[in-house]
Amino acid sequence: MCLLLGATGVGKTLLVKRLQTILPRRLSSRDGKGDLGDLPPTRPTVGTNLTDIVAQRRITIRELGGCMGPIWSSYYGNCHSLLFMVDTSNPTQLSASCVQLLALLSAEQLAEASVLILFNKIDLPCYMTIEEIKSLIRLPDLIACAKQNITTVEISARKGTGLSEVLRWLEDTHRMNG
């Protein structure tokens with residue numbers, strides 16, 4: 001099981017819908033690219049969504065609404081991987097995201113989980129660079145102190161940038177974790 005977490009409005013639902021769109025296109029085209037089509041409709045997740053991504057194996061992604069942050073810990077059991085999404089265009093939300101990430105990384109139930117931090121919305125003109133974010137949240141220190149294997153990727157769920165990397169990470173991580 002893969003958990004997809006992040007604050008409200010960071011793009012979690014759109015990411016899952018885009019991953020479902022990109023997979024068939026990747027399998028049917030030589031270069032793994034192609035038009036993702038129109039933006040699918042999304043609305044804030046209140047509760048939880050379960051989505052299966054079928055690549056080399058079935059990967060179940062449990063997306064939890066950002067408003068459920070206080071009870072995320074009830075879903076940590078059976079979590080092999082964690083996608084944590086940050087909105088790079090919203091500097092006021094960054095400190096809250098950092099606190100959430102610290103809580104996740106210190107949770108004993110997630111000590112064995114692989115973590116992919118997704119820096120989303122890099123397509124917007126007002127986004128913070130990865131260097132700015134790493135500095136502000138002291139990401140190198142977080143990675144050095146964490147028990148988990150942590151990877152980062154810059155993405156645009158809207159335009160599809162970086163989604164092949166996310167899919168590859170999911171496939172590789174779930175191949176290793178069975």
# chains A, B, ... in the order shown; residues from 1 in each chain; ligands from 1
$ residues_around --residues "Ser114 (chain A)" --least-positions-apart "4" --cutoff "10 Å" --atoms "only C-alpha atoms" --output "PyMOL selection string"
chain A and resi 2+79-83+110+147-151+169-170+173-174+177
$ write_last_selection --atoms "all heavy atoms" --output "short mmCIF file (atom, residue, chain, number, x, y, z; two decimals), in the first residue's frame"
data_model
loop_
_atom_site.label_atom_id
_atom_site.label_comp_id
_atom_site.auth_asym_id
_atom_site.auth_seq_id
_atom_site.Cartn_x
_atom_site.Cartn_y
_atom_site.Cartn_z
N CYS A 2 0.48 2.21 -0.77
CA CYS A 2 1.17 3.49 -0.85
C CYS A 2 0.24 4.57 -0.33
O CYS A 2 -0.91 4.65 -0.77
CB CYS A 2 1.56 3.78 -2.30
SG CYS A 2 2.28 5.40 -2.55
N CYS A 79 1.73 0.26 5.27
CA CYS A 79 2.21 1.25 4.31
C CYS A 79 3.65 0.91 3.92
O CYS A 79 4.54 0.91 4.76
CB CYS A 79 2.14 2.65 4.91
SG CYS A 79 2.87 3.91 3.86
N HIS A 80 3.86 0.59 2.64
CA HIS A 80 5.20 0.27 2.14
C HIS A 80 5.90 1.50 1.58
O HIS A 80 7.11 1.56 1.53
CB HIS A 80 5.14 -0.80 1.05
CG HIS A 80 4.58 -2.09 1.52
ND1 HIS A 80 5.21 -2.88 2.44
CD2 HIS A 80 3.42 -2.73 1.21
CE1 HIS A 80 4.48 -3.96 2.67
NE2 HIS A 80 3.39 -3.88 1.94
N SER A 81 5.09 2.44 1.09
CA SER A 81 5.67 3.64 0.51
C SER A 81 4.77 4.83 0.80
O SER A 81 3.57 4.69 1.04
CB SER A 81 5.87 3.48 -0.99
OG SER A 81 4.63 3.29 -1.64
N LEU A 82 5.40 6.00 0.75
CA LEU A 82 4.70 7.24 1.09
C LEU A 82 5.03 8.29 0.04
O LEU A 82 6.21 8.56 -0.23
CB LEU A 82 5.14 7.72 2.47
CG LEU A 82 4.68 9.09 2.92
CD1 LEU A 82 3.17 9.14 3.10
CD2 LEU A 82 5.37 9.48 4.22
N LEU A 83 4.00 8.85 -0.56
CA LEU A 83 4.15 10.01 -1.43
C LEU A 83 3.71 11.21 -0.61
O LEU A 83 2.58 11.24 -0.12
CB LEU A 83 3.27 9.89 -2.68
CG LEU A 83 3.50 8.70 -3.60
CD1 LEU A 83 2.44 8.65 -4.69
CD2 LEU A 83 4.88 8.75 -4.21
N LEU A 110 6.01 4.14 10.14
CA LEU A 110 6.50 4.47 8.80
C LEU A 110 8.02 4.37 8.68
O LEU A 110 8.60 4.75 7.66
CB LEU A 110 6.05 5.88 8.41
CG LEU A 110 4.54 6.10 8.29
CD1 LEU A 110 4.24 7.56 7.98
CD2 LEU A 110 3.95 5.19 7.22
N LYS A 147 14.96 7.81 9.23
CA LYS A 147 15.19 6.37 9.11
C LYS A 147 14.85 5.89 7.70
O LYS A 147 15.35 4.88 7.24
CB LYS A 147 14.30 5.62 10.10
CG LYS A 147 14.59 5.93 11.55
CD LYS A 147 13.57 5.25 12.46
CE LYS A 147 13.76 5.67 13.89
NZ LYS A 147 12.67 5.25 14.76
N GLN A 148 13.97 6.62 7.04
CA GLN A 148 13.47 6.22 5.73
C GLN A 148 14.44 6.57 4.61
O GLN A 148 15.26 7.47 4.73
CB GLN A 148 12.13 6.92 5.44
CG GLN A 148 11.02 6.58 6.38
CD GLN A 148 10.99 7.48 7.62
OE1 GLN A 148 11.94 8.19 7.93
NE2 GLN A 148 9.89 7.42 8.35
N ASN A 149 14.28 5.84 3.51
CA ASN A 149 14.96 6.18 2.27
C ASN A 149 14.10 7.26 1.61
O ASN A 149 12.94 7.02 1.29
CB ASN A 149 15.07 4.94 1.38
CG ASN A 149 15.72 5.24 0.06
OD1 ASN A 149 16.47 6.21 -0.08
ND2 ASN A 149 15.43 4.41 -0.92
N ILE A 150 14.65 8.46 1.40
CA ILE A 150 13.88 9.59 0.90
C ILE A 150 14.41 10.02 -0.47
O ILE A 150 15.60 10.19 -0.66
CB ILE A 150 13.94 10.79 1.87
CG1 ILE A 150 13.36 10.39 3.23
CG2 ILE A 150 13.18 11.99 1.30
CD1 ILE A 150 13.52 11.44 4.30
N THR A 151 13.47 10.19 -1.40
CA THR A 151 13.77 10.68 -2.74
C THR A 151 12.91 11.91 -2.97
O THR A 151 11.82 12.02 -2.40
CB THR A 151 13.43 9.59 -3.79
OG1 THR A 151 14.09 8.38 -3.43
CG2 THR A 151 13.84 9.99 -5.19
N TRP A 169 9.43 5.33 -9.82
CA TRP A 169 9.74 5.18 -8.39
C TRP A 169 8.75 4.21 -7.74
O TRP A 169 9.14 3.34 -6.96
CB TRP A 169 9.71 6.54 -7.69
CG TRP A 169 10.07 6.48 -6.25
CD1 TRP A 169 11.32 6.57 -5.69
CD2 TRP A 169 9.17 6.32 -5.14
NE1 TRP A 169 11.24 6.47 -4.33
CE2 TRP A 169 9.94 6.31 -3.94
CE3 TRP A 169 7.78 6.18 -5.03
CZ2 TRP A 169 9.38 6.17 -2.69
CZ3 TRP A 169 7.22 6.03 -3.76
CH2 TRP A 169 8.01 6.03 -2.61
N LEU A 170 7.46 4.37 -8.06
CA LEU A 170 6.45 3.47 -7.50
C LEU A 170 6.72 2.02 -7.91
O LEU A 170 6.68 1.11 -7.08
CB LEU A 170 5.05 3.88 -7.96
CG LEU A 170 4.44 5.08 -7.26
CD1 LEU A 170 3.21 5.57 -8.03
CD2 LEU A 170 4.08 4.76 -5.82
N THR A 173 9.95 0.78 -6.14
CA THR A 173 9.75 0.64 -4.69
C THR A 173 8.87 -0.56 -4.38
O THR A 173 9.15 -1.33 -3.45
CB THR A 173 9.10 1.92 -4.11
OG1 THR A 173 9.98 3.01 -4.37
CG2 THR A 173 8.85 1.80 -2.63
N HIS A 174 7.84 -0.77 -5.15
CA HIS A 174 6.92 -1.89 -4.88
C HIS A 174 7.45 -3.21 -5.39
O HIS A 174 7.03 -4.26 -4.94
CB HIS A 174 5.52 -1.56 -5.37
CG HIS A 174 4.84 -0.58 -4.47
ND1 HIS A 174 4.03 -0.94 -3.44
CD2 HIS A 174 4.95 0.77 -4.41
CE1 HIS A 174 3.63 0.14 -2.79
NE2 HIS A 174 4.18 1.19 -3.35
N ASN A 177 9.62 -4.06 -2.30
CA ASN A 177 8.84 -4.34 -1.08
C ASN A 177 7.82 -5.44 -1.25
O ASN A 177 7.09 -5.74 -0.33
CB ASN A 177 8.14 -3.06 -0.60
CG ASN A 177 9.12 -2.05 -0.05
OD1 ASN A 177 10.18 -2.42 0.44
ND2 ASN A 177 8.77 -0.79 -0.14
#
$ atom_distance --atom1 "CA of Ser106 (chain A)" --atom2 "CA of Cys145 (chain A)"
9.6 Å
$ select_by_dssp --residues "chain A" --states "strand (DSSP E or B)" --output "PDB file with N, CA, C and O atoms, in the first residue's frame"
ATOM      1  N   CYS A   2       0.480   2.208  -0.772  1.00  0.00           N
ATOM      2  CA  CYS A   2       1.175   3.492  -0.850  1.00  0.00           C
ATOM      3  C   CYS A   2       0.236   4.568  -0.331  1.00  0.00           C
ATOM      4  O   CYS A   2      -0.914   4.648  -0.765  1.00  0.00           O
ATOM      5  N   LEU A   3       0.707   5.373   0.605  1.00  0.00           N
ATOM      6  CA  LEU A   3      -0.078   6.505   1.090  1.00  0.00           C
ATOM      7  C   LEU A   3       0.312   7.751   0.309  1.00  0.00           C
ATOM      8  O   LEU A   3       1.497   7.989   0.054  1.00  0.00           O
ATOM      9  N   LEU A   4      -0.674   8.553  -0.053  1.00  0.00           N
ATOM     10  CA  LEU A   4      -0.462   9.837  -0.703  1.00  0.00           C
ATOM     11  C   LEU A   4      -0.992  10.911   0.230  1.00  0.00           C
ATOM     12  O   LEU A   4      -2.191  10.980   0.486  1.00  0.00           O
ATOM     13  N   LEU A   5      -0.072  11.715   0.761  1.00  0.00           N
ATOM     14  CA  LEU A   5      -0.432  12.702   1.772  1.00  0.00           C
ATOM     15  C   LEU A   5       0.080  14.086   1.381  1.00  0.00           C
ATOM     16  O   LEU A   5       1.031  14.213   0.615  1.00  0.00           O
ATOM     17  N   GLY A   6      -0.530  15.088   1.959  1.00  0.00           N
ATOM     18  CA  GLY A   6      -0.124  16.477   1.745  1.00  0.00           C
ATOM     19  C   GLY A   6      -1.267  17.382   2.144  1.00  0.00           C
ATOM     20  O   GLY A   6      -2.402  16.936   2.355  1.00  0.00           O
ATOM     21  N   THR A  48     -11.062   9.534   2.117  1.00  0.00           N
ATOM     22  CA  THR A  48      -9.973   8.779   1.504  1.00  0.00           C
ATOM     23  C   THR A  48     -10.411   8.240   0.147  1.00  0.00           C
ATOM     24  O   THR A  48     -11.587   7.932  -0.054  1.00  0.00           O
ATOM     25  N   ASN A  49      -9.473   8.172  -0.769  1.00  0.00           N
ATOM     26  CA  ASN A  49      -9.700   7.560  -2.076  1.00  0.00           C
ATOM     27  C   ASN A  49      -8.696   6.437  -2.253  1.00  0.00           C
ATOM     28  O   ASN A  49      -7.514   6.615  -1.984  1.00  0.00           O
ATOM     29  N   LEU A  50      -9.165   5.296  -2.719  1.00  0.00           N
ATOM     30  CA  LEU A  50      -8.284   4.177  -3.061  1.00  0.00           C
ATOM     31  C   LEU A  50      -8.235   4.058  -4.572  1.00  0.00           C
ATOM     32  O   LEU A  50      -9.267   4.025  -5.229  1.00  0.00           O
ATOM     33  N   THR A  51      -7.028   4.012  -5.113  1.00  0.00           N
ATOM     34  CA  THR A  51      -6.847   3.895  -6.554  1.00  0.00           C
ATOM     35  C   THR A  51      -5.796   2.838  -6.825  1.00  0.00           C
ATOM     36  O   THR A  51      -4.745   2.831  -6.186  1.00  0.00           O
ATOM     37  N   ASP A  52      -6.083   1.955  -7.764  1.00  0.00           N
ATOM     38  CA  ASP A  52      -5.097   0.964  -8.188  1.00  0.00           C
ATOM     39  C   ASP A  52      -4.416   1.450  -9.454  1.00  0.00           C
ATOM     40  O   ASP A  52      -5.073   1.841 -10.412  1.00  0.00           O
ATOM     41  N   ILE A  53      -3.088   1.425  -9.424  1.00  0.00           N
ATOM     42  CA  ILE A  53      -2.279   1.703 -10.603  1.00  0.00           C
ATOM     43  C   ILE A  53      -1.697   0.343 -10.994  1.00  0.00           C
ATOM     44  O   ILE A  53      -1.034  -0.295 -10.194  1.00  0.00           O
ATOM     45  N   VAL A  54      -1.989  -0.106 -12.209  1.00  0.00           N
ATOM     46  CA  VAL A  54      -1.493  -1.406 -12.631  1.00  0.00           C
ATOM     47  C   VAL A  54      -0.361  -1.178 -13.616  1.00  0.00           C
ATOM     48  O   VAL A  54      -0.575  -0.752 -14.745  1.00  0.00           O
ATOM     49  N   ARG A  58       0.201  -4.532  -9.425  1.00  0.00           N
ATOM     50  CA  ARG A  58      -0.844  -3.628  -8.946  1.00  0.00           C
ATOM     51  C   ARG A  58      -0.329  -2.872  -7.729  1.00  0.00           C
ATOM     52  O   ARG A  58       0.126  -3.468  -6.764  1.00  0.00           O
ATOM     53  N   ILE A  59      -0.415  -1.561  -7.796  1.00  0.00           N
ATOM     54  CA  ILE A  59      -0.011  -0.705  -6.679  1.00  0.00           C
ATOM     55  C   ILE A  59      -1.247   0.062  -6.242  1.00  0.00           C
ATOM     56  O   ILE A  59      -1.862   0.771  -7.043  1.00  0.00           O
ATOM     57  N   THR A  60      -1.624  -0.116  -4.987  1.00  0.00           N
ATOM     58  CA  THR A  60      -2.781   0.596  -4.457  1.00  0.00           C
ATOM     59  C   THR A  60      -2.315   1.870  -3.770  1.00  0.00           C
ATOM     60  O   THR A  60      -1.464   1.831  -2.887  1.00  0.00           O
ATOM     61  N   ILE A  61      -2.873   2.978  -4.221  1.00  0.00           N
ATOM     62  CA  ILE A  61      -2.557   4.279  -3.626  1.00  0.00           C
ATOM     63  C   ILE A  61      -3.759   4.721  -2.810  1.00  0.00           C
ATOM     64  O   ILE A  61      -4.879   4.791  -3.326  1.00  0.00           O
ATOM     65  N   ARG A  62      -3.516   4.998  -1.537  1.00  0.00           N
ATOM     66  CA  ARG A  62      -4.565   5.538  -0.669  1.00  0.00           C
ATOM     67  C   ARG A  62      -4.278   7.019  -0.483  1.00  0.00           C
ATOM     68  O   ARG A  62      -3.324   7.403   0.158  1.00  0.00           O
ATOM     69  N   GLU A  63      -5.134   7.813  -1.086  1.00  0.00           N
ATOM     70  CA  GLU A  63      -5.026   9.262  -0.948  1.00  0.00           C
ATOM     71  C   GLU A  63      -5.887   9.696   0.226  1.00  0.00           C
ATOM     72  O   GLU A  63      -7.059   9.344   0.312  1.00  0.00           O
ATOM     73  N   LEU A  64      -5.281  10.449   1.127  1.00  0.00           N
ATOM     74  CA  LEU A  64      -6.019  10.980   2.268  1.00  0.00           C
ATOM     75  C   LEU A  64      -6.143  12.486   2.110  1.00  0.00           C
ATOM     76  O   LEU A  64      -5.160  13.165   1.813  1.00  0.00           O
ATOM     77  N   SER A  81       5.091   2.443   1.095  1.00  0.00           N
ATOM     78  CA  SER A  81       5.667   3.644   0.510  1.00  0.00           C
ATOM     79  C   SER A  81       4.766   4.833   0.797  1.00  0.00           C
ATOM     80  O   SER A  81       3.566   4.687   1.040  1.00  0.00           O
ATOM     81  N   LEU A  82       5.396   6.003   0.753  1.00  0.00           N
ATOM     82  CA  LEU A  82       4.701   7.236   1.086  1.00  0.00           C
ATOM     83  C   LEU A  82       5.035   8.294   0.043  1.00  0.00           C
ATOM     84  O   LEU A  82       6.207   8.556  -0.227  1.00  0.00           O
ATOM     85  N   LEU A  83       4.003   8.848  -0.559  1.00  0.00           N
ATOM     86  CA  LEU A  83       4.154  10.006  -1.430  1.00  0.00           C
ATOM     87  C   LEU A  83       3.706  11.210  -0.611  1.00  0.00           C
ATOM     88  O   LEU A  83       2.578  11.236  -0.124  1.00  0.00           O
ATOM     89  N   PHE A  84       4.583  12.183  -0.438  1.00  0.00           N
ATOM     90  CA  PHE A  84       4.226  13.394   0.295  1.00  0.00           C
ATOM     91  C   PHE A  84       4.354  14.569  -0.653  1.00  0.00           C
ATOM     92  O   PHE A  84       5.423  14.822  -1.202  1.00  0.00           O
ATOM     93  N   MET A  85       3.252  15.284  -0.853  1.00  0.00           N
ATOM     94  CA  MET A  85       3.209  16.349  -1.844  1.00  0.00           C
ATOM     95  C   MET A  85       3.256  17.719  -1.192  1.00  0.00           C
ATOM     96  O   MET A  85       2.586  17.966  -0.198  1.00  0.00           O
ATOM     97  N   VAL A  86       4.069  18.591  -1.804  1.00  0.00           N
ATOM     98  CA  VAL A  86       4.232  19.965  -1.348  1.00  0.00           C
ATOM     99  C   VAL A  86       3.888  20.890  -2.515  1.00  0.00           C
ATOM    100  O   VAL A  86       4.294  20.642  -3.647  1.00  0.00           O
ATOM    101  N   ASP A  87       3.160  21.959  -2.229  1.00  0.00           N
ATOM    102  CA  ASP A  87       2.800  22.960  -3.236  1.00  0.00           C
ATOM    103  C   ASP A  87       3.904  24.008  -3.285  1.00  0.00           C
ATOM    104  O   ASP A  87       4.037  24.819  -2.370  1.00  0.00           O
ATOM    105  N   SER A 114       9.469   3.633   2.196  1.00  0.00           N
ATOM    106  CA  SER A 114      10.222   4.503   1.295  1.00  0.00           C
ATOM    107  C   SER A 114       9.396   5.764   1.078  1.00  0.00           C
ATOM    108  O   SER A 114       8.165   5.691   0.990  1.00  0.00           O
ATOM    109  N   VAL A 115      10.065   6.901   0.984  1.00  0.00           N
ATOM    110  CA  VAL A 115       9.361   8.181   0.901  1.00  0.00           C
ATOM    111  C   VAL A 115       9.773   8.918  -0.370  1.00  0.00           C
ATOM    112  O   VAL A 115      10.962   9.043  -0.668  1.00  0.00           O
ATOM    113  N   LEU A 116       8.773   9.396  -1.100  1.00  0.00           N
ATOM    114  CA  LEU A 116       9.010  10.254  -2.251  1.00  0.00           C
ATOM    115  C   LEU A 116       8.332  11.583  -1.966  1.00  0.00           C
ATOM    116  O   LEU A 116       7.117  11.641  -1.780  1.00  0.00           O
ATOM    117  N   ILE A 117       9.137  12.643  -1.891  1.00  0.00           N
ATOM    118  CA  ILE A 117       8.594  13.980  -1.677  1.00  0.00           C
ATOM    119  C   ILE A 117       8.405  14.612  -3.051  1.00  0.00           C
ATOM    120  O   ILE A 117       9.347  14.712  -3.839  1.00  0.00           O
ATOM    121  N   LEU A 118       7.170  15.001  -3.324  1.00  0.00           N
ATOM    122  CA  LEU A 118       6.800  15.561  -4.618  1.00  0.00           C
ATOM    123  C   LEU A 118       6.659  17.073  -4.484  1.00  0.00           C
ATOM    124  O   LEU A 118       5.808  17.551  -3.733  1.00  0.00           O
ATOM    125  N   PHE A 119       7.497  17.804  -5.187  1.00  0.00           N
ATOM    126  CA  PHE A 119       7.395  19.257  -5.201  1.00  0.00           C
ATOM    127  C   PHE A 119       6.568  19.623  -6.429  1.00  0.00           C
ATOM    128  O   PHE A 119       7.076  19.648  -7.549  1.00  0.00           O
ATOM    129  N   ASN A 120       5.275  19.890  -6.212  1.00  0.00           N
ATOM    130  CA  ASN A 120       4.302  20.071  -7.283  1.00  0.00           C
ATOM    131  C   ASN A 120       4.111  21.547  -7.638  1.00  0.00           C
ATOM    132  O   ASN A 120       4.428  22.423  -6.848  1.00  0.00           O
ATOM    133  N   ILE A 150      14.653   8.464   1.404  1.00  0.00           N
ATOM    134  CA  ILE A 150      13.877   9.595   0.895  1.00  0.00           C
ATOM    135  C   ILE A 150      14.407  10.021  -0.471  1.00  0.00           C
ATOM    136  O   ILE A 150      15.604  10.192  -0.665  1.00  0.00           O
ATOM    137  N   THR A 151      13.474  10.190  -1.402  1.00  0.00           N
ATOM    138  CA  THR A 151      13.773  10.676  -2.740  1.00  0.00           C
ATOM    139  C   THR A 151      12.909  11.909  -2.971  1.00  0.00           C
ATOM    140  O   THR A 151      11.821  12.018  -2.399  1.00  0.00           O
ATOM    141  N   THR A 152      13.393  12.834  -3.790  1.00  0.00           N
ATOM    142  CA  THR A 152      12.588  14.016  -4.120  1.00  0.00           C
ATOM    143  C   THR A 152      12.469  14.128  -5.627  1.00  0.00           C
ATOM    144  O   THR A 152      13.336  13.672  -6.374  1.00  0.00           O
ATOM    145  N   VAL A 153      11.366  14.730  -6.073  1.00  0.00           N
ATOM    146  CA  VAL A 153      11.173  14.978  -7.500  1.00  0.00           C
ATOM    147  C   VAL A 153      10.303  16.223  -7.655  1.00  0.00           C
ATOM    148  O   VAL A 153       9.394  16.460  -6.877  1.00  0.00           O
ATOM    149  N   GLU A 154      10.656  17.028  -8.665  1.00  0.00           N
ATOM    150  CA  GLU A 154       9.852  18.193  -9.012  1.00  0.00           C
ATOM    151  C   GLU A 154       8.858  17.757 -10.087  1.00  0.00           C
ATOM    152  O   GLU A 154       9.244  17.118 -11.063  1.00  0.00           O
ATOM    153  N   SER A 156       4.834  18.613 -12.184  1.00  0.00           N
ATOM    154  CA  SER A 156       3.634  19.395 -12.471  1.00  0.00           C
ATOM    155  C   SER A 156       2.562  18.375 -12.804  1.00  0.00           C
ATOM    156  O   SER A 156       2.555  17.802 -13.896  1.00  0.00           O
ATOM    157  N   THR A 161       4.764  16.968 -16.123  1.00  0.00           N
ATOM    158  CA  THR A 161       6.210  16.989 -15.892  1.00  0.00           C
ATOM    159  C   THR A 161       6.570  16.139 -14.668  1.00  0.00           C
ATOM    160  O   THR A 161       5.987  16.301 -13.603  1.00  0.00           O
TER     161      THR A 161
END
$ atom_distance --atom1 "CA of Ser135 (chain A)" --atom2 "CA of Thr88 (chain A)"
13.1 Å
$ atom_distance --atom1 "CA of Ile155 (chain A)" --atom2 "CA of Asn78 (chain A)"
26.4 Å
$ residues_around --residues "region 71-73 of chain A" --least-positions-apart "2" --cutoff "9 Å" --atoms "only C-alpha atoms" --output "list in words"
Leu5, Leu64, Met68, Gly69, Tyr75, Tyr76, Gly77, Leu104, Ala107 and Gln109 of chain A
$ write_last_selection --atoms "N, CA, C and O atoms" --output "PDB file, in the first residue's frame"
ATOM      1  N   LEU A   5      -0.072  11.715   0.761  1.00  0.00           N
ATOM      2  CA  LEU A   5      -0.432  12.702   1.772  1.00  0.00           C
ATOM      3  C   LEU A   5       0.080  14.086   1.381  1.00  0.00           C
ATOM      4  O   LEU A   5       1.031  14.213   0.615  1.00  0.00           O
ATOM      5  N   LEU A  64      -5.281  10.449   1.127  1.00  0.00           N
ATOM      6  CA  LEU A  64      -6.019  10.980   2.268  1.00  0.00           C
ATOM      7  C   LEU A  64      -6.143  12.486   2.110  1.00  0.00           C
ATOM      8  O   LEU A  64      -5.160  13.165   1.813  1.00  0.00           O
ATOM      9  N   MET A  68      -7.719  15.734   6.687  1.00  0.00           N
ATOM     10  CA  MET A  68      -7.672  14.582   7.592  1.00  0.00           C
ATOM     11  C   MET A  68      -6.335  14.459   8.316  1.00  0.00           C
ATOM     12  O   MET A  68      -6.091  13.482   9.010  1.00  0.00           O
ATOM     13  N   GLY A  69      -5.455  15.442   8.155  1.00  0.00           N
ATOM     14  CA  GLY A  69      -4.134  15.413   8.756  1.00  0.00           C
ATOM     15  C   GLY A  69      -4.085  14.914  10.195  1.00  0.00           C
ATOM     16  O   GLY A  69      -3.235  14.086  10.540  1.00  0.00           O
ATOM     17  N   TYR A  75      -3.875   5.442   9.393  1.00  0.00           N
ATOM     18  CA  TYR A  75      -3.735   4.759   8.112  1.00  0.00           C
ATOM     19  C   TYR A  75      -2.304   4.290   7.840  1.00  0.00           C
ATOM     20  O   TYR A  75      -2.017   3.804   6.752  1.00  0.00           O
ATOM     21  N   TYR A  76      -1.410   4.413   8.802  1.00  0.00           N
ATOM     22  CA  TYR A  76      -0.010   4.067   8.578  1.00  0.00           C
ATOM     23  C   TYR A  76       0.245   2.566   8.474  1.00  0.00           C
ATOM     24  O   TYR A  76       1.224   2.166   7.864  1.00  0.00           O
ATOM     25  N   GLY A  77      -0.593   1.742   9.060  1.00  0.00           N
ATOM     26  CA  GLY A  77      -0.384   0.294   9.017  1.00  0.00           C
ATOM     27  C   GLY A  77      -0.357  -0.210   7.580  1.00  0.00           C
ATOM     28  O   GLY A  77      -1.095   0.274   6.721  1.00  0.00           O
ATOM     29  N   LEU A 104       5.520  12.673   9.936  1.00  0.00           N
ATOM     30  CA  LEU A 104       5.526  11.421   9.179  1.00  0.00           C
ATOM     31  C   LEU A 104       6.850  10.688   9.325  1.00  0.00           C
ATOM     32  O   LEU A 104       6.888   9.477   9.546  1.00  0.00           O
ATOM     33  N   ALA A 107       7.247   8.959  12.678  1.00  0.00           N
ATOM     34  CA  ALA A 107       6.263   7.931  13.040  1.00  0.00           C
ATOM     35  C   ALA A 107       6.893   6.545  12.960  1.00  0.00           C
ATOM     36  O   ALA A 107       7.425   6.154  11.915  1.00  0.00           O
ATOM     37  N   GLN A 109       5.577   3.616  12.787  1.00  0.00           N
ATOM     38  CA  GLN A 109       4.950   2.719  11.810  1.00  0.00           C
ATOM     39  C   GLN A 109       5.443   2.970  10.381  1.00  0.00           C
ATOM     40  O   GLN A 109       5.286   2.110   9.516  1.00  0.00           O
TER      41      GLN A 109
END
$ closest_residue --among "A:Asn90, A:Thr45, A:Ser164, A:Ser74" --to "Thr8 (chain A)" --atoms "only C-alpha atoms"
A:Thr45
$ closest_residue --among "A:Gly160, A:Gly65, A:Gly47, A:Pro125" --to "Gly9 (chain A)" --atoms "only C-alpha atoms"
A:Gly65
$ select_by_dssp --residues "chain A" --states "alpha helix (DSSP H)" --output "ChimeraX atom specification"
/A:12-28,91-106,130-136,139-145,163-176
$ write_last_selection --atoms "C-alpha atoms" --output "JSON list (two decimals), in the first residue's frame"
[["chain", "number", "residue", "atom", "x", "y", "z"],
["A", 12, "LYS", "CA", -2.95, 14.90, -4.78],
["A", 13, "THR", "CA", -6.15, 13.94, -6.61],
["A", 14, "LEU", "CA", -4.90, 15.34, -9.90],
["A", 15, "LEU", "CA", -1.64, 13.39, -9.49],
["A", 16, "VAL", "CA", -3.50, 10.08, -9.11],
["A", 17, "LYS", "CA", -5.73, 10.82, -12.10],
["A", 18, "ARG", "CA", -2.70, 11.78, -14.20],
["A", 19, "LEU", "CA", -0.81, 8.61, -13.18],
["A", 20, "GLN", "CA", -3.79, 6.58, -14.38],
["A", 21, "THR", "CA", -3.69, 8.51, -17.67],
["A", 22, "ILE", "CA", 0.06, 8.37, -18.24],
["A", 23, "LEU", "CA", 0.43, 4.62, -17.71],
["A", 24, "PRO", "CA", -1.51, 3.45, -20.79],
["A", 25, "ARG", "CA", 0.20, 6.12, -22.90],
["A", 26, "ARG", "CA", 3.62, 5.06, -21.63],
["A", 27, "LEU", "CA", 2.90, 1.45, -22.47],
["A", 28, "SER", "CA", 1.58, 2.24, -25.96],
["A", 91, "PRO", "CA", 5.10, 29.71, 0.50],
["A", 92, "THR", "CA", 2.65, 30.30, 3.35],
["A", 93, "GLN", "CA", 1.77, 26.61, 3.38],
["A", 94, "LEU", "CA", 5.39, 25.44, 3.39],
["A", 95, "SER", "CA", 5.93, 25.59, 7.15],
["A", 96, "ALA", "CA", 2.78, 23.55, 7.82],
["A", 97, "SER", "CA", 3.91, 21.01, 5.20],
["A", 98, "CYS", "CA", 7.30, 20.81, 6.89],
["A", 99, "VAL", "CA", 5.66, 20.07, 10.26],
["A", 100, "GLN", "CA", 3.53, 17.37, 8.64],
["A", 101, "LEU", "CA", 6.59, 15.84, 6.98],
["A", 102, "LEU", "CA", 8.51, 15.82, 10.28],
["A", 103, "ALA", "CA", 5.60, 14.02, 11.96],
["A", 104, "LEU", "CA", 5.53, 11.42, 9.18],
["A", 105, "LEU", "CA", 9.26, 10.81, 9.27],
["A", 106, "SER", "CA", 9.23, 10.35, 13.04],
["A", 130, "ILE", "CA", 13.85, 23.30, -5.20],
["A", 131, "GLU", "CA", 16.95, 25.00, -3.77],
["A", 132, "GLU", "CA", 14.81, 27.56, -1.91],
["A", 133, "ILE", "CA", 12.55, 24.88, -0.48],
["A", 134, "LYS", "CA", 15.41, 22.59, 0.52],
["A", 135, "SER", "CA", 16.99, 25.50, 2.36],
["A", 136, "LEU", "CA", 13.80, 26.67, 4.06],
["A", 139, "LEU", "CA", 15.80, 19.09, 3.70],
["A", 140, "PRO", "CA", 19.40, 17.81, 3.77],
["A", 141, "ASP", "CA", 19.21, 17.67, 7.58],
["A", 142, "LEU", "CA", 15.83, 15.93, 7.45],
["A", 143, "ILE", "CA", 17.16, 13.31, 5.05],
["A", 144, "ALA", "CA", 20.28, 12.76, 7.14],
["A", 145, "CYS", "CA", 18.26, 12.18, 10.33],
["A", 163, "LEU", "CA", 5.14, 11.91, -13.67],
["A", 164, "SER", "CA", 7.15, 9.21, -15.45],
["A", 165, "GLU", "CA", 9.71, 9.50, -12.64],
["A", 166, "VAL", "CA", 6.96, 9.10, -10.05],
["A", 167, "LEU", "CA", 5.62, 6.02, -11.81],
["A", 168, "ARG", "CA", 9.13, 4.54, -12.11],
["A", 169, "TRP", "CA", 9.74, 5.18, -8.39],
["A", 170, "LEU", "CA", 6.45, 3.47, -7.50],
["A", 171, "GLU", "CA", 7.28, 0.45, -9.68],
["A", 172, "ASP", "CA", 10.82, 0.14, -8.29],
["A", 173, "THR", "CA", 9.75, 0.64, -4.69],
["A", 174, "HIS", "CA", 6.92, -1.89, -4.88],
["A", 175, "ARG", "CA", 9.11, -4.40, -6.70],
["A", 176, "MET", "CA", 11.55, -4.29, -3.77]]
